[in-house]
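Content type PDB, C-alpha atoms, from the file target-v6.pdb:
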```pdb
MODEL        1
ATOM      1  CA  MET A 319      48.104  32.377 -36.326
ATOM      2  CA  PHE A 320      47.898  29.756 -33.584
ATOM      3  CA  THR A 321      45.904  32.249 -31.510
ATOM      4  CA  ASN A 322      43.440  32.758 -34.371
ATOM      5  CA  VAL A 323      42.975  28.986 -34.784
ATOM      6  CA  LEU A 324      42.454  28.545 -31.044
ATOM      7  CA  ALA A 325      39.891  31.349 -31.010
ATOM      8  CA  ALA A 326      38.074  29.808 -33.948
ATOM      9  CA  LEU A 327      37.999  26.433 -32.235
ATOM     10  CA  THR A 328      36.672  28.017 -29.036
ATOM     11  CA  VAL A 329      33.874  29.776 -30.918
ATOM     12  CA  ALA A 330      33.031  26.631 -32.859
ATOM     13  CA  THR A 331      32.956  24.566 -29.669
ATOM     14  CA  GLY A 332      30.682  27.129 -28.051
ATOM     15  CA  PHE A 333      28.249  26.995 -30.975
ATOM     16  CA  ALA A 334      28.336  23.199 -30.953
ATOM     17  CA  GLY A 335      27.491  23.154 -27.225
ATOM     18  CA  ALA A 336      24.633  25.570 -27.746
ATOM     19  CA  ALA A 337      23.281  23.500 -30.601
ATOM     20  CA  ALA A 338      23.481  20.326 -28.528
ATOM     21  CA  ALA A 339      21.646  21.958 -25.618
ATOM     22  CA  GLY A 340      19.024  23.289 -28.011
ATOM     23  CA  ASP A 341      18.228  19.755 -29.218
ATOM     24  CA  TYR A 342      16.625  18.786 -25.889
ATOM     25  CA  PRO A 343      14.739  16.535 -25.636
ATOM     26  CA  GLU A 344      16.219  13.859 -27.885
ATOM     27  CA  LYS A 345      15.050  10.762 -26.011
ATOM     28  CA  PRO A 346      12.224   9.647 -23.679
ATOM     29  CA  ILE A 347      11.821  11.306 -20.277
ATOM     30  CA  SER A 348      11.174   9.383 -17.068
ATOM     31  CA  MET A 349       8.679  10.860 -14.586
ATOM     32  CA  ILE A 350       9.223   9.308 -11.150
ATOM     33  CA  VAL A 351       6.179   8.908  -8.902
ATOM     34  CA  THR A 352       7.200   8.230  -5.307
ATOM     35  CA  TRP A 353       3.915   6.514  -4.394
ATOM     36  CA  ASN A 354       2.121   3.337  -5.485
ATOM     37  CA  ALA A 355       0.422   2.902  -8.835
ATOM     38  CA  GLY A 356      -3.274   3.729  -8.706
ATOM     39  CA  GLY A 357      -2.950   6.370  -5.988
ATOM     40  CA  SER A 358      -4.027   9.981  -6.464
ATOM     41  CA  THR A 359      -0.506  11.194  -7.341
ATOM     42  CA  ASP A 360      -0.033   8.374  -9.829
ATOM     43  CA  VAL A 361      -3.370   9.118 -11.501
ATOM     44  CA  LEU A 362      -2.453  12.783 -11.889
ATOM     45  CA  ALA A 363       1.029  11.970 -13.167
ATOM     46  CA  ARG A 364      -0.315   9.645 -15.856
ATOM     47  CA  LEU A 365      -2.944  12.195 -16.809
ATOM     48  CA  LEU A 366      -0.200  14.809 -17.201
ATOM     49  CA  ALA A 367       2.285  12.566 -18.987
ATOM     50  CA  VAL A 368       0.274  12.265 -22.218
ATOM     51  CA  PRO A 369      -0.117  15.973 -23.088
ATOM     52  CA  LEU A 370       3.348  16.710 -21.707
ATOM     53  CA  SER A 371       4.746  14.149 -24.150
ATOM     54  CA  GLU A 372       2.941  15.916 -26.979
ATOM     55  CA  GLU A 373       4.177  19.330 -25.866
ATOM     56  CA  LEU A 374       7.804  18.198 -25.574
ATOM     57  CA  GLY A 375       7.736  15.983 -28.653
ATOM     58  CA  THR A 376       9.070  12.924 -26.832
ATOM     59  CA  PRO A 377       7.526  10.173 -24.685
ATOM     60  CA  VAL A 378       7.168  10.863 -20.956
ATOM     61  CA  ALA A 379       6.996   7.531 -19.114
ATOM     62  CA  VAL A 380       5.719   7.278 -15.529
ATOM     63  CA  THR A 381       7.874   5.123 -13.231
ATOM     64  CA  ASN A 382       6.573   4.233  -9.759
ATOM     65  CA  MET A 383       9.220   4.086  -7.017
ATOM     66  CA  PRO A 384       7.353   3.862  -3.684
ATOM     67  CA  GLY A 385       8.966   3.376  -0.311
ATOM     68  CA  GLY A 386      10.473   5.264   2.589
ATOM     69  CA  GLY A 387       7.703   7.827   2.768
ATOM     70  CA  GLY A 388       8.480   8.797  -0.808
ATOM     71  CA  SER A 389      12.204   9.169  -0.147
ATOM     72  CA  LEU A 390      13.349   6.280  -2.376
ATOM     73  CA  GLY A 391      11.942   7.772  -5.553
ATOM     74  CA  THR A 392      12.955  11.291  -4.557
ATOM     75  CA  GLN A 393      16.553  10.210  -3.963
ATOM     76  CA  ALA A 394      16.546   8.383  -7.303
ATOM     77  CA  ALA A 395      15.545  11.622  -9.030
ATOM     78  CA  LEU A 396      18.306  13.446  -7.174
ATOM     79  CA  ASP A 397      20.929  10.854  -8.127
ATOM     80  CA  ALA A 398      19.959  10.685 -11.819
ATOM     81  CA  PRO A 399      22.093  12.487 -14.428
ATOM     82  CA  LYS A 400      21.373  16.231 -14.384
ATOM     83  CA  ASP A 401      20.236  16.302 -18.003
ATOM     84  CA  GLY A 402      16.479  16.827 -17.729
ATOM     85  CA  TYR A 403      15.573  13.267 -18.669
ATOM     86  CA  THR A 404      14.433  12.430 -15.127
ATOM     87  CA  ILE A 405      11.676  14.547 -13.598
ATOM     88  CA  LEU A 406       9.888  14.088 -10.280
ATOM     89  CA  ALA A 407       6.161  14.133  -9.592
ATOM     90  CA  THR A 408       6.611  15.562  -6.124
ATOM     91  CA  THR A 409       4.239  15.935  -3.189
ATOM     92  CA  SER A 410       4.174  17.548   0.229
ATOM     93  CA  GLY A 411       4.847  14.130   1.741
ATOM     94  CA  ASN A 412       8.060  13.130  -0.015
ATOM     95  CA  HIS A 413       9.320  16.670  -0.591
ATOM     96  CA  VAL A 414       8.743  18.320   2.795
ATOM     97  CA  LEU A 415       7.344  16.074   5.532
ATOM     98  CA  THR A 416       9.562  13.012   5.044
ATOM     99  CA  PRO A 417      12.902  14.886   4.991
ATOM    100  CA  LEU A 418      11.828  16.883   8.041
ATOM    101  CA  LYS A 419      10.908  13.746   9.994
ATOM    102  CA  ASN A 420      13.872  11.593   8.929
ATOM    103  CA  ASP A 421      17.453  11.974   7.741
ATOM    104  CA  VAL A 422      16.884  10.885   4.139
ATOM    105  CA  GLY A 423      19.794  12.711   2.523
ATOM    106  CA  TYR A 424      17.949  15.580   0.852
ATOM    107  CA  ARG A 425      16.113  18.835   1.554
ATOM    108  CA  TYR A 426      13.346  20.613  -0.297
ATOM    109  CA  ASP A 427      15.829  23.026  -1.878
ATOM    110  CA  ASP A 428      17.930  20.289  -3.476
ATOM    111  CA  PHE A 429      15.394  20.532  -6.308
ATOM    112  CA  GLU A 430      14.218  23.098  -8.825
ATOM    113  CA  PRO A 431      10.461  23.674  -9.213
ATOM    114  CA  ILE A 432       8.780  23.176 -12.574
ATOM    115  CA  GLY A 433       5.243  23.923 -11.462
ATOM    116  CA  GLN A 434       2.370  23.006  -9.153
ATOM    117  CA  LEU A 435      -0.540  21.022 -10.490
ATOM    118  CA  VAL A 436      -2.782  20.493  -7.467
ATOM    119  CA  ALA A 437      -3.012  21.772  -3.911
ATOM    120  CA  ALA A 438      -5.625  19.996  -1.812
ATOM    121  CA  THR A 439      -7.883  22.063   0.418
ATOM    122  CA  LEU A 440      -7.786  21.350   4.130
ATOM    123  CA  VAL A 441     -10.973  22.132   6.046
ATOM    124  CA  LEU A 442     -11.405  22.523   9.793
ATOM    125  CA  ALA A 443     -14.750  20.798  10.326
ATOM    126  CA  VAL A 444     -17.108  20.541  13.293
ATOM    127  CA  ARG A 445     -20.494  18.874  13.709
ATOM    128  CA  GLU A 446     -23.471  20.884  12.585
ATOM    129  CA  ASP A 447     -24.719  21.053  16.196
ATOM    130  CA  SER A 448     -21.442  22.586  17.395
ATOM    131  CA  PRO A 449     -21.854  25.981  19.092
ATOM    132  CA  TRP A 450     -18.907  27.314  17.082
ATOM    133  CA  GLN A 451     -19.957  29.220  13.999
ATOM    134  CA  THR A 452     -16.555  30.739  13.209
ATOM    135  CA  LEU A 453     -12.906  29.986  13.795
ATOM    136  CA  ASN A 454     -12.756  32.718  16.419
ATOM    137  CA  ASP A 455     -15.654  31.100  18.303
ATOM    138  CA  PHE A 456     -13.554  27.948  18.606
ATOM    139  CA  VAL A 457     -10.403  29.848  19.609
ATOM    140  CA  GLU A 458     -12.255  31.747  22.332
ATOM    141  CA  ALA A 459     -13.719  28.510  23.703
ATOM    142  CA  ALA A 460     -10.327  26.809  23.676
ATOM    143  CA  LYS A 461      -8.749  29.737  25.515
ATOM    144  CA  ALA A 462     -11.486  29.598  28.132
ATOM    145  CA  ASP A 463     -11.013  25.832  28.677
ATOM    146  CA  PRO A 464      -7.417  24.776  27.861
ATOM    147  CA  GLY A 465      -7.078  21.064  27.123
ATOM    148  CA  LYS A 466     -10.832  20.441  27.071
ATOM    149  CA  TYR A 467     -11.421  19.957  23.354
ATOM    150  CA  LEU A 468     -10.288  17.052  21.172
ATOM    151  CA  PHE A 469      -9.267  17.048  17.526
ATOM    152  CA  GLY A 470      -8.652  13.978  15.384
ATOM    153  CA  ALA A 471      -5.944  13.486  12.764
ATOM    154  CA  VAL A 472      -3.375  10.994  11.539
ATOM    155  CA  PRO A 473      -0.148  11.907  13.377
ATOM    156  CA  ASN A 474       2.483  14.050  11.627
ATOM    157  CA  VAL A 475       0.729  14.515   8.306
ATOM    158  CA  ALA A 476      -0.534  17.780   6.840
ATOM    159  CA  PRO A 477      -3.925  18.064   8.632
ATOM    160  CA  HIS A 478      -2.356  17.303  12.027
ATOM    161  CA  LEU A 479       0.573  19.665  11.510
ATOM    162  CA  THR A 480      -1.642  22.434  10.159
ATOM    163  CA  LEU A 481      -3.878  22.263  13.220
ATOM    164  CA  LEU A 482      -0.791  22.417  15.443
ATOM    165  CA  SER A 483       0.313  25.488  13.523
ATOM    166  CA  LEU A 484      -3.083  27.036  14.252
ATOM    167  CA  THR A 485      -2.855  26.242  17.972
ATOM    168  CA  ASP A 486       0.602  27.821  18.098
ATOM    169  CA  SER A 487      -0.625  30.891  16.234
ATOM    170  CA  ALA A 488      -3.717  31.286  18.407
ATOM    171  CA  GLY A 489      -2.026  30.344  21.671
ATOM    172  CA  ILE A 490      -4.471  27.582  22.566
ATOM    173  CA  ASP A 491      -4.233  24.055  23.968
ATOM    174  CA  VAL A 492      -6.248  21.364  22.168
ATOM    175  CA  VAL A 493      -5.778  17.631  22.690
ATOM    176  CA  HIS A 494      -4.847  15.392  19.762
ATOM    177  CA  LEU A 495      -6.673  12.057  19.445
ATOM    178  CA  PRO A 496      -4.768  10.058  16.774
ATOM    179  CA  GLN A 497      -6.793   8.586  13.896
ATOM    180  CA  GLN A 498      -6.055   5.845  11.371
ATOM    181  CA  GLY A 499      -7.154   7.964   8.404
ATOM    182  CA  GLY A 500      -9.421  10.739   7.221
ATOM    183  CA  ALA A 501     -12.533   8.569   7.006
ATOM    184  CA  PRO A 502     -12.195   7.198  10.577
ATOM    185  CA  GLY A 503     -11.680  10.778  11.719
ATOM    186  CA  ALA A 504     -14.913  11.859  10.057
ATOM    187  CA  THR A 505     -16.727   8.961  11.731
ATOM    188  CA  ALA A 506     -15.277   9.969  15.092
ATOM    189  CA  LEU A 507     -16.423  13.560  14.630
ATOM    190  CA  LEU A 508     -19.964  12.586  13.707
ATOM    191  CA  ALA A 509     -20.082  10.168  16.645
ATOM    192  CA  GLY A 510     -19.043  12.902  19.056
ATOM    193  CA  ASP A 511     -15.749  11.250  19.992
ATOM    194  CA  ILE A 512     -13.847  14.382  18.925
ATOM    195  CA  ASP A 513     -14.835  18.040  18.736
ATOM    196  CA  LEU A 514     -13.194  19.070  15.486
ATOM    197  CA  LEU A 515     -11.457  17.564  12.498
ATOM    198  CA  PRO A 516      -8.819  19.062  10.204
ATOM    199  CA  ALA A 517      -9.201  17.060   6.999
ATOM    200  CA  ASN A 518      -8.858  16.994   3.246
ATOM    201  CA  ALA A 519     -11.933  18.620   1.736
ATOM    202  CA  ALA A 520     -12.779  15.414  -0.122
ATOM    203  CA  THR A 521     -13.093  13.620   3.241
ATOM    204  CA  VAL A 522     -15.748  15.943   4.642
ATOM    205  CA  ALA A 523     -17.403  17.315   1.505
ATOM    206  CA  SER A 524     -20.411  14.994   1.527
ATOM    207  CA  SER A 525     -21.085  15.566   5.234
ATOM    208  CA  ILE A 526     -20.851  19.343   4.835
ATOM    209  CA  LYS A 527     -23.197  19.302   1.844
ATOM    210  CA  ALA A 528     -25.593  17.007   3.743
ATOM    211  CA  GLY A 529     -25.694  19.430   6.662
ATOM    212  CA  LYS A 530     -24.010  17.044   9.104
ATOM    213  CA  MET A 531     -20.799  19.088   9.419
ATOM    214  CA  ARG A 532     -19.825  22.727   9.186
ATOM    215  CA  GLY A 533     -16.514  24.154   8.015
ATOM    216  CA  LEU A 534     -14.972  26.804  10.248
ATOM    217  CA  ALA A 535     -12.043  27.561   7.953
ATOM    218  CA  VAL A 536      -9.982  26.424   5.017
ATOM    219  CA  PHE A 537      -6.198  26.627   5.255
ATOM    220  CA  SER A 538      -5.607  27.771   1.679
ATOM    221  CA  ALA A 539      -4.428  31.118   0.382
ATOM    222  CA  GLU A 540      -7.893  31.626  -1.127
ATOM    223  CA  ARG A 541     -11.370  30.203  -0.588
ATOM    224  CA  ASP A 542     -12.134  26.904  -2.267
ATOM    225  CA  LYS A 543     -14.571  27.251  -5.175
ATOM    226  CA  ALA A 544     -16.388  24.141  -3.951
ATOM    227  CA  PHE A 545     -16.927  25.766  -0.520
ATOM    228  CA  PRO A 546     -17.246  29.498  -1.222
ATOM    229  CA  ASP A 547     -18.946  30.194   2.097
ATOM    230  CA  ILE A 548     -16.089  28.839   4.223
ATOM    231  CA  PRO A 549     -13.563  31.643   4.880
ATOM    232  CA  THR A 550      -9.836  31.098   4.981
ATOM    233  CA  ALA A 551      -7.977  31.051   8.284
ATOM    234  CA  LYS A 552      -6.121  34.142   7.117
ATOM    235  CA  GLU A 553      -9.374  36.027   6.576
ATOM    236  CA  GLN A 554     -10.179  35.317  10.216
ATOM    237  CA  GLY A 555      -6.873  36.606  11.517
ATOM    238  CA  TYR A 556      -4.676  33.490  11.457
ATOM    239  CA  GLU A 557      -2.053  33.279   8.733
ATOM    240  CA  VAL A 558      -1.912  29.491   8.776
ATOM    241  CA  TYR A 559      -1.627  27.457   5.594
ATOM    242  CA  GLY A 560      -1.931  23.773   4.807
ATOM    243  CA  SER A 561      -2.448  22.718   1.214
ATOM    244  CA  PRO A 562      -0.806  19.377   0.331
ATOM    245  CA  PHE A 563       0.581  19.799  -3.180
ATOM    246  CA  VAL A 564       1.395  17.756  -6.250
ATOM    247  CA  GLY A 565       3.691  19.184  -8.898
ATOM    248  CA  LEU A 566       6.845  18.632 -10.929
ATOM    249  CA  ALA A 567      10.478  19.170  -9.991
ATOM    250  CA  VAL A 568      13.986  18.307 -11.143
ATOM    251  CA  ALA A 569      17.227  17.998  -9.234
ATOM    252  CA  LYS A 570      19.366  21.109  -9.064
ATOM    253  CA  GLY A 571      22.095  21.113 -11.676
ATOM    254  CA  VAL A 572      19.918  20.635 -14.757
ATOM    255  CA  PRO A 573      21.000  23.170 -17.424
ATOM    256  CA  ASP A 574      18.987  26.393 -17.413
ATOM    257  CA  ASP A 575      17.774  26.061 -20.988
ATOM    258  CA  VAL A 576      16.550  22.531 -20.339
ATOM    259  CA  LEU A 577      14.787  23.677 -17.170
ATOM    260  CA  GLU A 578      13.109  26.508 -19.070
ATOM    261  CA  THR A 579      11.930  24.058 -21.740
ATOM    262  CA  LEU A 580      10.333  21.870 -19.067
ATOM    263  CA  LYS A 581       8.706  24.855 -17.367
ATOM    264  CA  ALA A 582       7.259  26.151 -20.624
ATOM    265  CA  ALA A 583       5.846  22.739 -21.541
ATOM    266  CA  PHE A 584       4.319  22.270 -18.095
ATOM    267  CA  ASP A 585       2.792  25.758 -18.108
ATOM    268  CA  ALA A 586       1.234  25.167 -21.524
ATOM    269  CA  VAL A 587      -0.338  21.860 -20.467
ATOM    270  CA  ALA A 588      -1.506  22.987 -17.026
ATOM    271  CA  GLN A 589      -3.291  26.016 -18.478
ATOM    272  CA  ASP A 590      -4.901  24.125 -21.353
ATOM    273  CA  PRO A 591      -8.717  24.027 -20.921
ATOM    274  CA  ASP A 592      -8.980  20.507 -22.358
ATOM    275  CA  PHE A 593      -6.439  19.169 -19.882
ATOM    276  CA  GLN A 594      -8.156  20.995 -17.025
ATOM    277  CA  ALA A 595     -11.464  19.423 -18.016
ATOM    278  CA  ARG A 596      -9.907  15.947 -18.078
ATOM    279  CA  ALA A 597      -8.410  16.570 -14.642
ATOM    280  CA  VAL A 598     -11.804  17.551 -13.204
ATOM    281  CA  LYS A 599     -13.293  14.332 -14.573
ATOM    282  CA  SER A 600     -10.652  12.439 -12.613
ATOM    283  CA  ALA A 601     -11.765  14.325  -9.461
ATOM    284  CA  SER A 602      -8.760  16.663  -9.440
ATOM    285  CA  GLU A 603      -9.483  20.360  -9.809
ATOM    286  CA  LEU A 604      -6.201  21.997 -10.788
ATOM    287  CA  THR A 605      -4.580  24.682  -8.665
ATOM    288  CA  TYR A 606      -1.774  25.572 -11.063
ATOM    289  CA  LEU A 607       1.208  27.630  -9.973
ATOM    290  CA  PRO A 608       4.233  28.479 -12.146
ATOM    291  CA  ALA A 609       7.698  27.485 -11.009
ATOM    292  CA  ALA A 610       8.595  30.591  -9.007
ATOM    293  CA  GLU A 611       5.360  30.506  -7.000
ATOM    294  CA  PHE A 612       5.614  26.748  -6.486
ATOM    295  CA  GLY A 613       9.092  27.186  -5.032
ATOM    296  CA  LYS A 614       7.703  29.685  -2.510
ATOM    297  CA  VAL A 615       5.193  27.045  -1.371
ATOM    298  CA  TRP A 616       8.077  24.623  -0.698
ATOM    299  CA  GLU A 617       9.872  27.197   1.438
ATOM    300  CA  ARG A 618       6.690  28.242   3.261
ATOM    301  CA  ASP A 619       5.721  24.666   4.130
ATOM    302  CA  TRP A 620       9.256  23.723   5.175
ATOM    303  CA  ASN A 621       9.466  26.683   7.549
ATOM    304  CA  THR A 622       5.941  26.015   8.869
ATOM    305  CA  TYR A 623       6.436  22.349   9.680
ATOM    306  CA  ALA A 624      10.128  22.315  10.663
ATOM    307  CA  PRO A 625       9.575  23.518  14.258
ATOM    308  CA  MET A 626       7.052  20.705  14.827
ATOM    309  CA  LEU A 627       8.966  17.869  13.186
ATOM    310  CA  GLN A 628      12.546  18.742  14.094
ATOM    311  CA  LYS A 629      12.077  18.966  17.854
TER     312      LYS A 629
ENDMDL
END
```
Please render this file's structure as structure tokens.
Amino acid sequence: MFTNVLAALTVATGFAGAAAAGDYPEKPISMIVTWNAGGSTDVLARLLAVPLSEELGTPVAVTNMPGGGGSLGTQAALDAPKDGYTILATTSGNHVLTPLKNDVGYRYDDFEPIGQLVAATLVLAVREDSPWQTLNDFVEAAKADPGKYLFGAVPNVAPHLTLLSLTDSAGIDVVHLPQQGGAPGATALLAGDIDLLPANAATVASSIKAGKMRGLAVFSAERDKAFPDIPTAKEQGYEVYGSPFVGLAVAKGVPDDVLETLKAAFDAVAQDPDFQARAVKSASELTYLPAAEFGKVWERDWNTYAPMLQK
């Protein structure tokens, strides 16, 4: 009889646990942004928070925790209770580049992906009067004259590291002239101080459209809809990628059913035409990826940049 009572209690406890897990979410969710309020990541996070709140049926509040190259907010998300009530608006900077450059106490795979919202396009730009019409034209010239040509980029951020990945892949030697930002780099290119510029598409878009610059390649998996005539590096024989991302993640250890609830809510919002239209109005064309594909981006970028940043 004791055995029967114990079995009944075990079953009842199991059902109670399942019911409790199924009640998620029961309280507000905090979305940590690891960068300052008003920045591009913050704008996207706040844009996402409203429909995500509606989809989950509970408020999603954005909390800015800048500092340490994004590591302070990322560590806070990692240290929070593993209950799904703290989610992270994560970027290439805090998630991949910062932990590769510094010992910050976490790796990319200490987190579970929820989904990617945006992946910026990086363009390799030259002046319109450059003799290089294609990426291979540039590679051939660089092989013929090692160390002759200059590229500009902020040190150890995605454009710089992506160009280094290209030079490694192509076996060429190009000299880095450090820049203070994308805009100064564009000015340097137009002035003839550098020969080429790897940059966020937004930095060079107006100059390309005005006929002052030409794009040799984009470092995305596919061509950018805004620049359909610029082929990818992969199309030209170089499997080199650089697409700084913004998406959502949670620390590992969150219950599976809670994680699936978050993924489903994110997927529904990210694929909603009304939300996509609002994102475009805020100058952010979505490049949605579901959780599994987003996780592959983390691994790809980590393995791409590790050899350069962990020397």
Could you make a table, as CSV, of the residues of stretch 392-477 of chain A that have an atom within 6 Å of an atom of stretch 569-591 of chain A, each with its nearest atom pair and distance in Å to one decimal, counting all atoms listed in the file, in chain and number order?
```
residue,atom,partner,partner_atom,distance
A:Leu396,CA,A:Ala569,CA,5.1
A:Lys400,CA,A:Val572,CA,4.7
A:Asp401,CA,A:Val572,CA,5.4
A:Gly402,CA,A:Val572,CA,5.9
A:Asp428,CA,A:Lys570,CA,5.8
A:Phe429,CA,A:Ala569,CA,4.3
A:Glu430,CA,A:Lys570,CA,5.5
A:Ile432,CA,A:Lys581,CA,5.1
```
Residue neighbourhood A:Gln434, 6 Å, only C-alpha atoms, exclusion window fewer than 4 positions, as a VMD selection string: chain A and resid 565 606 to 607 612
Could the residues in this selection be written to a file with C-alpha atoms, as a PDB file, in the coordinates of the input?
```pdb
ATOM      1  CA  GLY A 565       3.691  19.184  -8.898  1.00  0.00           C
ATOM      2  CA  TYR A 606      -1.774  25.572 -11.063  1.00  0.00           C
ATOM      3  CA  LEU A 607       1.208  27.630  -9.973  1.00  0.00           C
ATOM      4  CA  PHE A 612       5.614  26.748  -6.486  1.00  0.00           C
TER       5      PHE A 612
END
```
Using Å and a single decimal, report how far atom CA of A:Ala438 sits from atom CA of A:Leu418. 20.3 Å
Can you turn the PyMOL selection byres ((chain A and resi 412) around 9) into a concrete residue list for this file, as a CSV table (one decimal) with C-alpha atoms, in the coordinates of the input?
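Resulting contents of selection.csv:
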```csv
chain,number,residue,atom,x,y,z
A,352,THR,CA,7.2,8.2,-5.3
A,353,TRP,CA,3.9,6.5,-4.4
A,386,GLY,CA,10.5,5.3,2.6
A,387,GLY,CA,7.7,7.8,2.8
A,388,GLY,CA,8.5,8.8,-0.8
A,389,SER,CA,12.2,9.2,-0.1
A,390,LEU,CA,13.3,6.3,-2.4
A,391,GLY,CA,11.9,7.8,-5.6
A,392,THR,CA,13.0,11.3,-4.6
A,408,THR,CA,6.6,15.6,-6.1
A,409,THR,CA,4.2,15.9,-3.2
A,410,SER,CA,4.2,17.5,0.2
A,411,GLY,CA,4.8,14.1,1.7
A,413,HIS,CA,9.3,16.7,-0.6
A,414,VAL,CA,8.7,18.3,2.8
A,415,LEU,CA,7.3,16.1,5.5
A,416,THR,CA,9.6,13.0,5.0
A,417,PRO,CA,12.9,14.9,5.0
```
Atom pair atom CA of A:Val598 / atom CA of A:Ala355: separation (Å): 19.6 Å
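You can rank A:Val615, A:Met349, A:Gly533, A:Leu365 by their closest distance to A:Ala595 using only C-alpha atoms, and at the top of that list sits A:Leu365.
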Spatial neighbours of stretch 487-493 of chain A, 12 Å, all atoms listed in the file, chain gap at least 5 places, as a VMD selection string: chain A and resid 453 to 471 478 480 to 482 512 to 515 551 to 552 554 to 559 622
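For the residues A:Ala597, A:Ala610, A:Ile350, A:Asp542, ranking by smallest atom-to-atom distance to A:Ala398 using all atoms listed in the file places A:Ile350 first.
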Neighbours of A:Val444 within 10 Å (all atoms listed in the file; same-chain residues fewer than 3 positions away dropped), as JSON, numbers by chain? {"A": [441, 447, 448, 449, 450, 451, 456, 469, 504, 507, 508, 510, 512, 513, 514, 515, 516, 522, 526, 530, 531, 532, 533, 534]}
For the residues selected in the previous step, produce a file with C-alpha atoms as a PDB file, in the coordinates of the input.
```pdb
ATOM      1  CA  VAL A 441     -10.973  22.132   6.046  1.00  0.00           C
ATOM      2  CA  ASP A 447     -24.719  21.053  16.196  1.00  0.00           C
ATOM      3  CA  SER A 448     -21.442  22.586  17.395  1.00  0.00           C
ATOM      4  CA  PRO A 449     -21.854  25.981  19.092  1.00  0.00           C
ATOM      5  CA  TRP A 450     -18.907  27.314  17.082  1.00  0.00           C
ATOM      6  CA  GLN A 451     -19.957  29.220  13.999  1.00  0.00           C
ATOM      7  CA  PHE A 456     -13.554  27.948  18.606  1.00  0.00           C
ATOM      8  CA  PHE A 469      -9.267  17.048  17.526  1.00  0.00           C
ATOM      9  CA  ALA A 504     -14.913  11.859  10.057  1.00  0.00           C
ATOM     10  CA  LEU A 507     -16.423  13.560  14.630  1.00  0.00           C
ATOM     11  CA  LEU A 508     -19.964  12.586  13.707  1.00  0.00           C
ATOM     12  CA  GLY A 510     -19.043  12.902  19.056  1.00  0.00           C
ATOM     13  CA  ILE A 512     -13.847  14.382  18.925  1.00  0.00           C
ATOM     14  CA  ASP A 513     -14.835  18.040  18.736  1.00  0.00           C
ATOM     15  CA  LEU A 514     -13.194  19.070  15.486  1.00  0.00           C
ATOM     16  CA  LEU A 515     -11.457  17.564  12.498  1.00  0.00           C
ATOM     17  CA  PRO A 516      -8.819  19.062  10.204  1.00  0.00           C
ATOM     18  CA  VAL A 522     -15.748  15.943   4.642  1.00  0.00           C
ATOM     19  CA  ILE A 526     -20.851  19.343   4.835  1.00  0.00           C
ATOM     20  CA  LYS A 530     -24.010  17.044   9.104  1.00  0.00           C
ATOM     21  CA  MET A 531     -20.799  19.088   9.419  1.00  0.00           C
ATOM     22  CA  ARG A 532     -19.825  22.727   9.186  1.00  0.00           C
ATOM     23  CA  GLY A 533     -16.514  24.154   8.015  1.00  0.00           C
ATOM     24  CA  LEU A 534     -14.972  26.804  10.248  1.00  0.00           C
TER      25      LEU A 534
END
```
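Picture a line from atom CA of A:Pro562 to atom CA of A:Ala437; it runs 5.3 Å.
With only C-alpha atoms as the atoms that count, the minimum distance from A:Trp620 to the choices A:Val380, A:Glu373, A:Ala394, A:Arg425 is reached by A:Arg425.
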Expand the PyMOL selection byres ((chain A and resi 359-362) around 8) into the explicit residue set it covers here, and present it as a VMD selection string. chain A and resid 351 353 to 358 363 to 366 382 407 409 564 597 602
Centre and size of axis-aligned box enclosing stretch 594-611 of chain A plus 8 Å each side, as JSON:
```
{"center_x": -2.3, "center_y": 21.5, "center_z": -12.5, "size_x": 37.9, "size_y": 34.2, "size_z": 27.1}
```
Counting only C-alpha atoms, which of A:Val368, A:Leu440, A:Ala624, A:Leu374 gets nearest to A:Glu344? A:Leu374
Given all atoms listed in the file as the counted atoms, nearest of A:Ser348, A:Arg596, A:Glu446, A:Asp486 to A:Thr381: A:Ser348
